[in-house]
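input_22.json follows (JSON, C-alpha atoms):
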```json
[["chain", "number", "residue", "atom", "x", "y", "z"],
["A", 27, "MET", "CA", 0.00, 0.00, 0.00],
["A", 28, "SER", "CA", 1.44, 3.37, -0.99],
["A", 29, "LYS", "CA", 1.74, 6.33, 1.32],
["A", 30, "ALA", "CA", -1.20, 8.75, 1.06],
["A", 31, "ARG", "CA", -0.49, 12.00, -0.73],
["A", 32, "LYS", "CA", -0.33, 15.04, 1.58],
["A", 33, "GLY", "CA", -2.65, 17.81, 0.42],
["A", 34, "VAL", "CA", -2.05, 21.52, 0.41],
["A", 35, "VAL", "CA", -4.17, 24.66, 0.49],
["A", 36, "VAL", "CA", -2.62, 27.41, -1.61],
["A", 37, "TRP", "CA", -4.41, 30.54, -0.38],
["A", 38, "PHE", "CA", -4.28, 33.53, -2.73],
["A", 39, "THR", "CA", -4.99, 36.82, -0.97],
["A", 40, "GLY", "CA", -4.92, 40.38, -2.26],
["A", 41, "LEU", "CA", -7.10, 43.30, -3.22],
["A", 42, "SER", "CA", -9.78, 43.09, -5.90],
["A", 43, "GLY", "CA", -8.15, 42.98, -9.33],
["A", 44, "SER", "CA", -4.71, 41.93, -8.05],
["A", 45, "GLY", "CA", -4.70, 38.72, -10.11],
["A", 46, "LYS", "CA", -5.76, 36.05, -7.59],
["A", 47, "SER", "CA", -8.27, 34.37, -9.91],
["A", 48, "THR", "CA", -6.04, 34.69, -12.96],
["A", 49, "LEU", "CA", -2.97, 33.17, -11.32],
["A", 50, "SER", "CA", -4.75, 30.42, -9.38],
["A", 51, "GLY", "CA", -6.80, 29.49, -12.44],
["A", 52, "ARG", "CA", -3.77, 29.29, -14.71],
["A", 53, "ILE", "CA", -1.86, 27.12, -12.22],
["A", 54, "ALA", "CA", -4.84, 24.78, -11.83],
["A", 55, "GLU", "CA", -5.12, 24.53, -15.66],
["A", 56, "LEU", "CA", -1.44, 23.66, -15.94],
["A", 57, "LEU", "CA", -1.60, 20.99, -13.24],
["A", 58, "ARG", "CA", -4.83, 19.21, -14.18],
["A", 59, "PRO", "CA", -3.37, 17.33, -17.19],
["A", 60, "THR", "CA", -0.54, 15.98, -15.00],
["A", 61, "GLY", "CA", -2.91, 13.72, -13.09],
["A", 62, "LEU", "CA", -2.36, 15.51, -9.79],
["A", 63, "PRO", "CA", -5.63, 16.01, -7.87],
["A", 64, "VAL", "CA", -6.41, 19.73, -8.23],
["A", 65, "GLU", "CA", -9.36, 21.86, -7.19],
["A", 66, "LEU", "CA", -9.94, 25.60, -7.62],
["A", 67, "LEU", "CA", -12.09, 27.56, -5.18],
["A", 68, "ASP", "CA", -12.60, 31.06, -6.56],
["A", 69, "GLY", "CA", -13.97, 33.67, -4.18],
["A", 70, "ASP", "CA", -16.46, 35.11, -6.68],
["A", 71, "ILE", "CA", -17.92, 31.68, -7.45],
["A", 72, "ILE", "CA", -18.05, 30.74, -3.75],
["A", 73, "ARG", "CA", -19.88, 34.01, -2.99],
["A", 74, "THR", "CA", -22.47, 33.18, -5.67],
["A", 75, "ASN", "CA", -23.06, 29.63, -4.45],
["A", 76, "LEU", "CA", -21.80, 28.62, -1.01],
["A", 77, "SER", "CA", -21.94, 32.10, 0.56],
["A", 78, "LYS", "CA", -24.99, 33.54, -1.20],
["A", 79, "GLY", "CA", -26.77, 35.99, 1.06],
["A", 80, "LEU", "CA", -23.69, 37.12, 2.95],
["A", 81, "GLY", "CA", -22.90, 40.82, 2.92],
["A", 82, "PHE", "CA", -19.58, 42.57, 3.37],
["A", 83, "SER", "CA", -19.51, 43.29, 7.10],
["A", 84, "LYS", "CA", -16.48, 41.95, 8.97],
["A", 85, "ASP", "CA", -18.56, 39.08, 10.39],
["A", 86, "ASP", "CA", -19.91, 38.14, 6.95],
["A", 87, "ARG", "CA", -16.45, 38.31, 5.39],
["A", 88, "ASP", "CA", -15.08, 36.07, 8.16],
["A", 89, "THR", "CA", -17.96, 33.62, 7.65],
["A", 90, "ASN", "CA", -17.22, 33.52, 3.92],
["A", 91, "ILE", "CA", -13.52, 32.78, 4.56],
["A", 92, "ARG", "CA", -14.39, 30.12, 7.12],
["A", 93, "ARG", "CA", -16.62, 28.41, 4.53],
["A", 94, "ILE", "CA", -13.88, 28.49, 1.90],
["A", 95, "GLY", "CA", -11.43, 27.24, 4.52],
["A", 96, "PHE", "CA", -13.71, 24.38, 5.55],
["A", 97, "VAL", "CA", -14.12, 23.12, 1.98],
["A", 98, "SER", "CA", -10.38, 23.58, 1.40],
["A", 99, "ARG", "CA", -9.55, 21.49, 4.47],
["A", 100, "LEU", "CA", -11.91, 18.68, 3.43],
["A", 101, "LEU", "CA", -10.19, 18.48, 0.06],
["A", 102, "ALA", "CA", -6.60, 18.95, 1.29],
["A", 103, "ARG", "CA", -6.84, 16.29, 3.98],
["A", 104, "ASN", "CA", -7.72, 13.90, 1.14],
["A", 105, "GLY", "CA", -4.56, 14.72, -0.80],
["A", 106, "VAL", "CA", -5.91, 17.42, -3.10],
["A", 107, "LEU", "CA", -3.94, 20.48, -4.20],
["A", 108, "VAL", "CA", -6.47, 23.21, -3.41],
["A", 109, "PHE", "CA", -6.14, 26.69, -4.90],
["A", 110, "ALA", "CA", -8.34, 29.13, -2.96],
["A", 111, "ALA", "CA", -8.56, 32.68, -4.32],
["A", 112, "ALA", "CA", -10.35, 35.20, -2.09],
["A", 113, "ILE", "CA", -9.61, 38.75, -1.02],
["A", 114, "SER", "CA", -9.64, 37.55, 2.62],
["A", 115, "PRO", "CA", -8.74, 40.99, 3.97],
["A", 116, "TYR", "CA", -8.11, 40.16, 7.63],
["A", 117, "GLU", "CA", -4.88, 38.56, 8.76],
["A", 118, "ALA", "CA", -6.37, 36.87, 11.83],
["A", 119, "ILE", "CA", -8.87, 34.84, 9.82],
["A", 120, "ARG", "CA", -6.18, 33.79, 7.33],
["A", 121, "ALA", "CA", -3.97, 32.70, 10.24],
["A", 122, "GLU", "CA", -6.91, 30.77, 11.68],
["A", 123, "GLN", "CA", -7.34, 28.93, 8.38],
["A", 124, "ARG", "CA", -3.63, 28.09, 8.24],
["A", 125, "GLN", "CA", -3.77, 26.65, 11.76],
["A", 126, "LEU", "CA", -6.87, 24.56, 10.99],
["A", 127, "VAL", "CA", -5.45, 23.21, 7.71],
["A", 128, "GLU", "CA", -2.15, 22.27, 9.37],
["A", 129, "ALA", "CA", -4.00, 20.69, 12.33],
["A", 130, "ASP", "CA", -5.75, 18.46, 9.76],
["A", 131, "GLY", "CA", -2.36, 17.26, 8.52],
["A", 132, "ALA", "CA", -2.22, 19.24, 5.27],
["A", 133, "ASP", "CA", 0.09, 22.07, 4.25],
["A", 134, "PHE", "CA", -0.87, 25.72, 3.85],
["A", 135, "CYS", "CA", 0.83, 28.11, 1.45],
["A", 136, "GLU", "CA", -0.18, 31.78, 1.54],
["A", 137, "VAL", "CA", 0.33, 33.71, -1.71],
["A", 138, "PHE", "CA", 0.14, 37.49, -1.42],
["A", 139, "MET", "CA", -0.87, 39.14, -4.68],
["A", 140, "LYS", "CA", 0.75, 42.51, -4.04],
["A", 141, "CYS", "CA", -0.38, 45.38, -6.25],
["A", 142, "GLN", "CA", -0.37, 49.14, -5.78],
["A", 143, "LEU", "CA", -3.84, 50.68, -5.39],
["A", 144, "GLU", "CA", -3.17, 53.14, -8.24],
["A", 145, "VAL", "CA", -2.57, 50.23, -10.63],
["A", 146, "LEU", "CA", -5.71, 48.43, -9.44],
["A", 147, "ILE", "CA", -7.77, 51.56, -10.07],
["A", 148, "GLN", "CA", -6.28, 51.89, -13.58],
["A", 149, "ARG", "CA", -6.94, 48.25, -14.52],
["A", 150, "ASP", "CA", -10.43, 48.14, -12.96],
["A", 151, "VAL", "CA", -12.57, 47.03, -15.92],
["A", 152, "LYS", "CA", -15.73, 46.69, -13.78],
["A", 153, "GLY", "CA", -15.45, 50.24, -12.42],
["A", 154, "LEU", "CA", -15.70, 49.02, -8.82],
["A", 155, "TYR", "CA", -12.90, 51.19, -7.47],
["A", 156, "LYS", "CA", -14.33, 54.26, -9.18],
["A", 157, "ARG", "CA", -17.73, 53.57, -7.63],
["A", 158, "ALA", "CA", -16.18, 52.87, -4.22],
["A", 159, "LEU", "CA", -14.15, 56.10, -4.34],
["A", 160, "ALA", "CA", -17.37, 57.97, -5.21],
["A", 161, "GLY", "CA", -19.02, 56.47, -2.12],
["A", 162, "GLU", "CA", -21.40, 54.30, -4.14],
["A", 163, "ILE", "CA", -20.10, 51.01, -2.69],
["A", 164, "GLU", "CA", -19.81, 50.63, 1.07],
["A", 165, "ASN", "CA", -17.26, 48.41, 2.82],
["A", 166, "PHE", "CA", -15.06, 48.12, -0.27],
["A", 167, "THR", "CA", -11.75, 46.52, 0.66],
["A", 168, "GLY", "CA", -8.81, 48.86, 0.20],
["A", 169, "ILE", "CA", -11.01, 51.98, -0.01],
["A", 170, "SER", "CA", -13.60, 52.12, 2.78],
["A", 171, "ASP", "CA", -12.71, 48.83, 4.47],
["A", 172, "PRO", "CA", -9.20, 47.75, 5.51],
["A", 173, "TYR", "CA", -6.98, 45.17, 3.88],
["A", 174, "GLU", "CA", -4.34, 43.70, 6.17],
["A", 175, "PRO", "CA", -1.40, 42.45, 4.06],
["A", 176, "PRO", "CA", 0.13, 39.17, 5.19],
["A", 177, "SER", "CA", 3.02, 39.68, 7.60],
["A", 178, "ARG", "CA", 4.81, 36.47, 6.51],
["A", 179, "PRO", "CA", 3.39, 35.09, 3.25],
["A", 180, "ASP", "CA", 4.98, 32.01, 1.74],
["A", 181, "VAL", "CA", 5.03, 33.65, -1.69],
["A", 182, "ILE", "CA", 4.78, 37.28, -2.81],
["A", 183, "VAL", "CA", 3.75, 38.02, -6.39],
["A", 184, "GLU", "CA", 4.05, 41.68, -7.33],
["A", 185, "SER", "CA", 1.32, 41.63, -9.94],
["A", 186, "ASP", "CA", 1.76, 45.28, -10.83],
["A", 187, "SER", "CA", 5.31, 44.68, -12.08],
["A", 188, "GLU", "CA", 5.64, 40.93, -12.74],
["A", 189, "THR", "CA", 4.15, 38.78, -15.46],
["A", 190, "VAL", "CA", 1.66, 36.01, -14.78],
["A", 191, "GLU", "CA", 4.34, 33.53, -15.91],
["A", 192, "ILE", "CA", 6.75, 34.76, -13.23],
["A", 193, "GLY", "CA", 4.02, 34.37, -10.61],
["A", 194, "ILE", "CA", 3.19, 30.86, -11.84],
["A", 195, "LYS", "CA", 6.85, 29.81, -11.65],
["A", 196, "ARG", "CA", 7.24, 31.31, -8.18],
["A", 197, "VAL", "CA", 4.20, 29.44, -6.78],
["A", 198, "LEU", "CA", 5.02, 26.16, -8.53],
["A", 199, "ASN", "CA", 8.62, 26.26, -7.30],
["A", 200, "VAL", "CA", 7.44, 26.59, -3.71],
["A", 201, "LEU", "CA", 5.01, 23.69, -4.23],
["A", 202, "ALA", "CA", 7.84, 21.62, -5.69],
["A", 203, "GLU", "CA", 10.12, 22.47, -2.75],
["A", 204, "LYS", "CA", 7.39, 21.27, -0.35],
["A", 205, "GLY", "CA", 6.95, 18.05, -2.34],
["A", 206, "HIS", "CA", 3.47, 18.75, -3.72],
["A", 207, "VAL", "CA", 4.48, 18.99, -7.38],
["A", 208, "PRO", "CA", 7.22, 16.71, -8.72],
["A", 209, "ARG", "CA", 10.15, 18.58, -10.30],
["A", 210, "GLU", "CA", 9.83, 16.47, -13.47],
["A", 211, "VAL", "CA", 6.27, 17.80, -13.88],
["A", 212, "LEU", "CA", 7.58, 21.38, -13.76],
["A", 213, "GLU", "CA", 10.30, 20.60, -16.29],
["A", 214, "LYS", "CA", 7.68, 19.43, -18.81],
["A", 215, "MET", "CA", 5.56, 22.55, -18.50],
["A", 216, "ASP", "CA", 5.63, 25.28, -21.10],
["A", 217, "ILE", "CA", 5.78, 28.40, -18.92]]
```
What do you get writing this file as structure tokens?
Amino acid sequence: MSKARKGVVVWFTGLSGSGKSTLSGRIAELLRPTGLPVELLDGDIIRTNLSKGLGFSKDDRDTNIRRIGFVSRLLARNGVLVFAAAISPYEAIRAEQRQLVEADGADFCEVFMKCQLEVLIQRDVKGLYKRALAGEIENFTGISDPYEPPSRPDVIVESDSETVEIGIKRVLNVLAEKGHVPREVLEKMDI
């Protein structure tokens, strides 16, 4: 009988528009054909389905993150590579999720999608930052609600100055170092 695969939760955090969904989605796409068990939990999709009805108060945001964390833990403790992409603005709730994942015997890898607010406002195709700055959207993270950057993330991707490919390589290298992605798999990838 072979040793069970240890799962990992790769938690992408950052402001709206910082590239969490793009980067996590691209990594999941690259890994799926390798046969590794991969699942993507995107914050926008979770909000539409699992967290429908929640608002954007601190309590509701924490509840949303706890729900994403719970599903992530279920998957990771069964050997899945879980990519969770959610703003998750508060450091305490992210630290709580790390502790719970690790207590379940899986790994946790926090990826901080760092991007200057000015760049996010410029690239905002939905006009959310403009509306938030005009006072039309309440509790908007980074404008009228705080975002607490990670104090010790496992990976930092500066999405305002680095390409998606650089971010992919940085995350995959950390996953390879921790034994979640075999080096030979990385060598075969076209990134």
Of the residues A:Gly40, A:Glu122, A:Asp216, A:Asn75, which is the one nearest to Glu184 (chain A), using all atoms listed in the file?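 Smallest separation from Glu184 (chain A) among the options: A:Gly40.
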Give the answer as one residue: which of A:Ile119, A:Ile182, A:Ile71, A:Val35 has the shortest atom-to-atom distance to Val97 (chain A), using all atoms listed in the file? A:Val35
Gap from CA of Ala158 (chain A) to CA of Met139 (chain A) - Å, one decimal: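 Between CA of Ala158 (chain A) and CA of Met139 (chain A) the gap is 20.6 Å.
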Report as a ChimeraX atom specification all protein, DNA and RNA residues lying within 9 Å of Gln123 (chain A), evaluated on all atoms listed in the file, omitting residues in the same chain fewer than 2 positions from it. /A:91-92,95-96,99,118-121,125-128,134
Mind writing the picked residues with C-alpha atoms as a PDB file, keeping the file's coordinate frame?
```pdb
ATOM      1  CA  ILE A  91     -13.520  32.780   4.560  1.00  0.00           C
ATOM      2  CA  ARG A  92     -14.390  30.120   7.120  1.00  0.00           C
ATOM      3  CA  GLY A  95     -11.430  27.240   4.520  1.00  0.00           C
ATOM      4  CA  PHE A  96     -13.710  24.380   5.550  1.00  0.00           C
ATOM      5  CA  ARG A  99      -9.550  21.490   4.470  1.00  0.00           C
ATOM      6  CA  ALA A 118      -6.370  36.870  11.830  1.00  0.00           C
ATOM      7  CA  ILE A 119      -8.870  34.840   9.820  1.00  0.00           C
ATOM      8  CA  ARG A 120      -6.180  33.790   7.330  1.00  0.00           C
ATOM      9  CA  ALA A 121      -3.970  32.700  10.240  1.00  0.00           C
ATOM     10  CA  GLN A 125      -3.770  26.650  11.760  1.00  0.00           C
ATOM     11  CA  LEU A 126      -6.870  24.560  10.990  1.00  0.00           C
ATOM     12  CA  VAL A 127      -5.450  23.210   7.710  1.00  0.00           C
ATOM     13  CA  GLU A 128      -2.150  22.270   9.370  1.00  0.00           C
ATOM     14  CA  PHE A 134      -0.870  25.720   3.850  1.00  0.00           C
TER      15      PHE A 134
END
```
Just the number, please: distance in Å from CA of Thr39 (chain A) to CA of Val197 (chain A), one decimal. 13.1 Å
Which of these, A:Gly161, A:Pro175, A:Gly33, A:Gly79, has the shortest distance to Asn104 (chain A) once you count all atoms listed in the file?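 Among A:Gly161, A:Pro175, A:Gly33, A:Gly79, it is A:Gly33 that comes nearest to Asn104 (chain A).
In terms of minimum interatomic distance to Trp37 (chain A), A:Phe109 ranks closest within A:Phe166, A:Tyr116, A:Tyr173, A:Phe109, counting all atoms listed in the file.
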Looking at A:Gly69, A:Arg178, A:Arg31, A:Gly45, which one is nearest to Ala102 (chain A), with distances taken over all atoms listed in the file?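 Ranking A:Gly69, A:Arg178, A:Arg31, A:Gly45 by distance to Ala102 (chain A), first place goes to A:Arg31.
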Export: region 174-198 of chain A, N, CA, C and O atoms, as a PDB file, in the first residue's frame:
```pdb
ATOM      1  N   GLU A 174      -5.531  43.935   5.357  1.00  0.00           N
ATOM      2  CA  GLU A 174      -4.335  43.699   6.167  1.00  0.00           C
ATOM      3  C   GLU A 174      -3.406  42.768   5.388  1.00  0.00           C
ATOM      4  O   GLU A 174      -3.673  41.563   5.289  1.00  0.00           O
ATOM      5  N   PRO A 175      -2.324  43.305   4.815  1.00  0.00           N
ATOM      6  CA  PRO A 175      -1.401  42.453   4.060  1.00  0.00           C
ATOM      7  C   PRO A 175      -0.794  41.381   4.954  1.00  0.00           C
ATOM      8  O   PRO A 175      -0.612  41.597   6.152  1.00  0.00           O
ATOM      9  N   PRO A 176      -0.499  40.229   4.390  1.00  0.00           N
ATOM     10  CA  PRO A 176       0.134  39.174   5.189  1.00  0.00           C
ATOM     11  C   PRO A 176       1.471  39.638   5.743  1.00  0.00           C
ATOM     12  O   PRO A 176       2.243  40.300   5.050  1.00  0.00           O
ATOM     13  N   SER A 177       1.741  39.285   7.001  1.00  0.00           N
ATOM     14  CA  SER A 177       3.018  39.682   7.596  1.00  0.00           C
ATOM     15  C   SER A 177       4.136  38.728   7.181  1.00  0.00           C
ATOM     16  O   SER A 177       5.287  39.133   7.097  1.00  0.00           O
ATOM     17  N   ARG A 178       3.795  37.450   6.917  1.00  0.00           N
ATOM     18  CA  ARG A 178       4.812  36.469   6.511  1.00  0.00           C
ATOM     19  C   ARG A 178       4.249  35.500   5.462  1.00  0.00           C
ATOM     20  O   ARG A 178       4.112  34.303   5.722  1.00  0.00           O
ATOM     21  N   PRO A 179       3.920  36.006   4.273  1.00  0.00           N
ATOM     22  CA  PRO A 179       3.391  35.093   3.252  1.00  0.00           C
ATOM     23  C   PRO A 179       4.475  34.123   2.784  1.00  0.00           C
ATOM     24  O   PRO A 179       5.666  34.418   2.880  1.00  0.00           O
ATOM     25  N   ASP A 180       4.046  32.983   2.278  1.00  0.00           N
ATOM     26  CA  ASP A 180       4.983  32.005   1.743  1.00  0.00           C
ATOM     27  C   ASP A 180       5.503  32.438   0.376  1.00  0.00           C
ATOM     28  O   ASP A 180       6.630  32.110   0.000  1.00  0.00           O
ATOM     29  N   VAL A 181       4.662  33.167  -0.352  1.00  0.00           N
ATOM     30  CA  VAL A 181       5.027  33.652  -1.689  1.00  0.00           C
ATOM     31  C   VAL A 181       4.463  35.059  -1.847  1.00  0.00           C
ATOM     32  O   VAL A 181       3.325  35.326  -1.450  1.00  0.00           O
ATOM     33  N   ILE A 182       5.263  35.949  -2.437  1.00  0.00           N
ATOM     34  CA  ILE A 182       4.778  37.285  -2.813  1.00  0.00           C
ATOM     35  C   ILE A 182       4.879  37.393  -4.326  1.00  0.00           C
ATOM     36  O   ILE A 182       5.937  37.148  -4.906  1.00  0.00           O
ATOM     37  N   VAL A 183       3.768  37.753  -4.951  1.00  0.00           N
ATOM     38  CA  VAL A 183       3.752  38.016  -6.386  1.00  0.00           C
ATOM     39  C   VAL A 183       3.389  39.490  -6.551  1.00  0.00           C
ATOM     40  O   VAL A 183       2.314  39.914  -6.131  1.00  0.00           O
ATOM     41  N   GLU A 184       4.307  40.256  -7.112  1.00  0.00           N
ATOM     42  CA  GLU A 184       4.053  41.680  -7.332  1.00  0.00           C
ATOM     43  C   GLU A 184       3.391  41.824  -8.695  1.00  0.00           C
ATOM     44  O   GLU A 184       4.049  42.044  -9.712  1.00  0.00           O
ATOM     45  N   SER A 185       2.063  41.716  -8.682  1.00  0.00           N
ATOM     46  CA  SER A 185       1.323  41.632  -9.944  1.00  0.00           C
ATOM     47  C   SER A 185       1.261  42.944 -10.710  1.00  0.00           C
ATOM     48  O   SER A 185       0.845  42.959 -11.857  1.00  0.00           O
ATOM     49  N   ASP A 186       1.706  44.017 -10.097  1.00  0.00           N
ATOM     50  CA  ASP A 186       1.756  45.281 -10.833  1.00  0.00           C
ATOM     51  C   ASP A 186       3.057  45.441 -11.623  1.00  0.00           C
ATOM     52  O   ASP A 186       3.173  46.304 -12.484  1.00  0.00           O
ATOM     53  N   SER A 187       4.036  44.559 -11.365  1.00  0.00           N
ATOM     54  CA  SER A 187       5.312  44.684 -12.075  1.00  0.00           C
ATOM     55  C   SER A 187       5.848  43.355 -12.604  1.00  0.00           C
ATOM     56  O   SER A 187       6.864  43.340 -13.279  1.00  0.00           O
ATOM     57  N   GLU A 188       5.186  42.243 -12.288  1.00  0.00           N
ATOM     58  CA  GLU A 188       5.642  40.929 -12.735  1.00  0.00           C
ATOM     59  C   GLU A 188       4.597  40.286 -13.638  1.00  0.00           C
ATOM     60  O   GLU A 188       3.402  40.501 -13.464  1.00  0.00           O
ATOM     61  N   THR A 189       5.058  39.477 -14.560  1.00  0.00           N
ATOM     62  CA  THR A 189       4.146  38.785 -15.457  1.00  0.00           C
ATOM     63  C   THR A 189       3.456  37.631 -14.737  1.00  0.00           C
ATOM     64  O   THR A 189       3.936  37.156 -13.705  1.00  0.00           O
ATOM     65  N   VAL A 190       2.361  37.174 -15.313  1.00  0.00           N
ATOM     66  CA  VAL A 190       1.656  36.012 -14.781  1.00  0.00           C
ATOM     67  C   VAL A 190       2.598  34.804 -14.767  1.00  0.00           C
ATOM     68  O   VAL A 190       2.610  34.024 -13.805  1.00  0.00           O
ATOM     69  N   GLU A 191       3.416  34.659 -15.818  1.00  0.00           N
ATOM     70  CA  GLU A 191       4.338  33.525 -15.907  1.00  0.00           C
ATOM     71  C   GLU A 191       5.341  33.514 -14.752  1.00  0.00           C
ATOM     72  O   GLU A 191       5.652  32.453 -14.209  1.00  0.00           O
ATOM     73  N   ILE A 192       5.829  34.683 -14.369  1.00  0.00           N
ATOM     74  CA  ILE A 192       6.748  34.758 -13.226  1.00  0.00           C
ATOM     75  C   ILE A 192       6.034  34.313 -11.958  1.00  0.00           C
ATOM     76  O   ILE A 192       6.562  33.546 -11.160  1.00  0.00           O
ATOM     77  N   GLY A 193       4.800  34.771 -11.773  1.00  0.00           N
ATOM     78  CA  GLY A 193       4.016  34.369 -10.610  1.00  0.00           C
ATOM     79  C   GLY A 193       3.763  32.873 -10.589  1.00  0.00           C
ATOM     80  O   GLY A 193       3.876  32.227  -9.533  1.00  0.00           O
ATOM     81  N   ILE A 194       3.425  32.298 -11.740  1.00  0.00           N
ATOM     82  CA  ILE A 194       3.190  30.857 -11.842  1.00  0.00           C
ATOM     83  C   ILE A 194       4.447  30.103 -11.419  1.00  0.00           C
ATOM     84  O   ILE A 194       4.385  29.174 -10.605  1.00  0.00           O
ATOM     85  N   LYS A 195       5.585  30.482 -11.975  1.00  0.00           N
ATOM     86  CA  LYS A 195       6.848  29.806 -11.648  1.00  0.00           C
ATOM     87  C   LYS A 195       7.162  29.919 -10.161  1.00  0.00           C
ATOM     88  O   LYS A 195       7.599  28.945  -9.534  1.00  0.00           O
ATOM     89  N   ARG A 196       6.927  31.097  -9.596  1.00  0.00           N
ATOM     90  CA  ARG A 196       7.243  31.306  -8.182  1.00  0.00           C
ATOM     91  C   ARG A 196       6.389  30.372  -7.305  1.00  0.00           C
ATOM     92  O   ARG A 196       6.889  29.711  -6.403  1.00  0.00           O
ATOM     93  N   VAL A 197       5.090  30.293  -7.577  1.00  0.00           N
ATOM     94  CA  VAL A 197       4.203  29.441  -6.780  1.00  0.00           C
ATOM     95  C   VAL A 197       4.540  27.968  -7.001  1.00  0.00           C
ATOM     96  O   VAL A 197       4.654  27.200  -6.043  1.00  0.00           O
ATOM     97  N   LEU A 198       4.722  27.566  -8.249  1.00  0.00           N
ATOM     98  CA  LEU A 198       5.016  26.157  -8.531  1.00  0.00           C
ATOM     99  C   LEU A 198       6.354  25.722  -7.933  1.00  0.00           C
ATOM    100  O   LEU A 198       6.481  24.587  -7.466  1.00  0.00           O
TER     101      LEU A 198
END
```
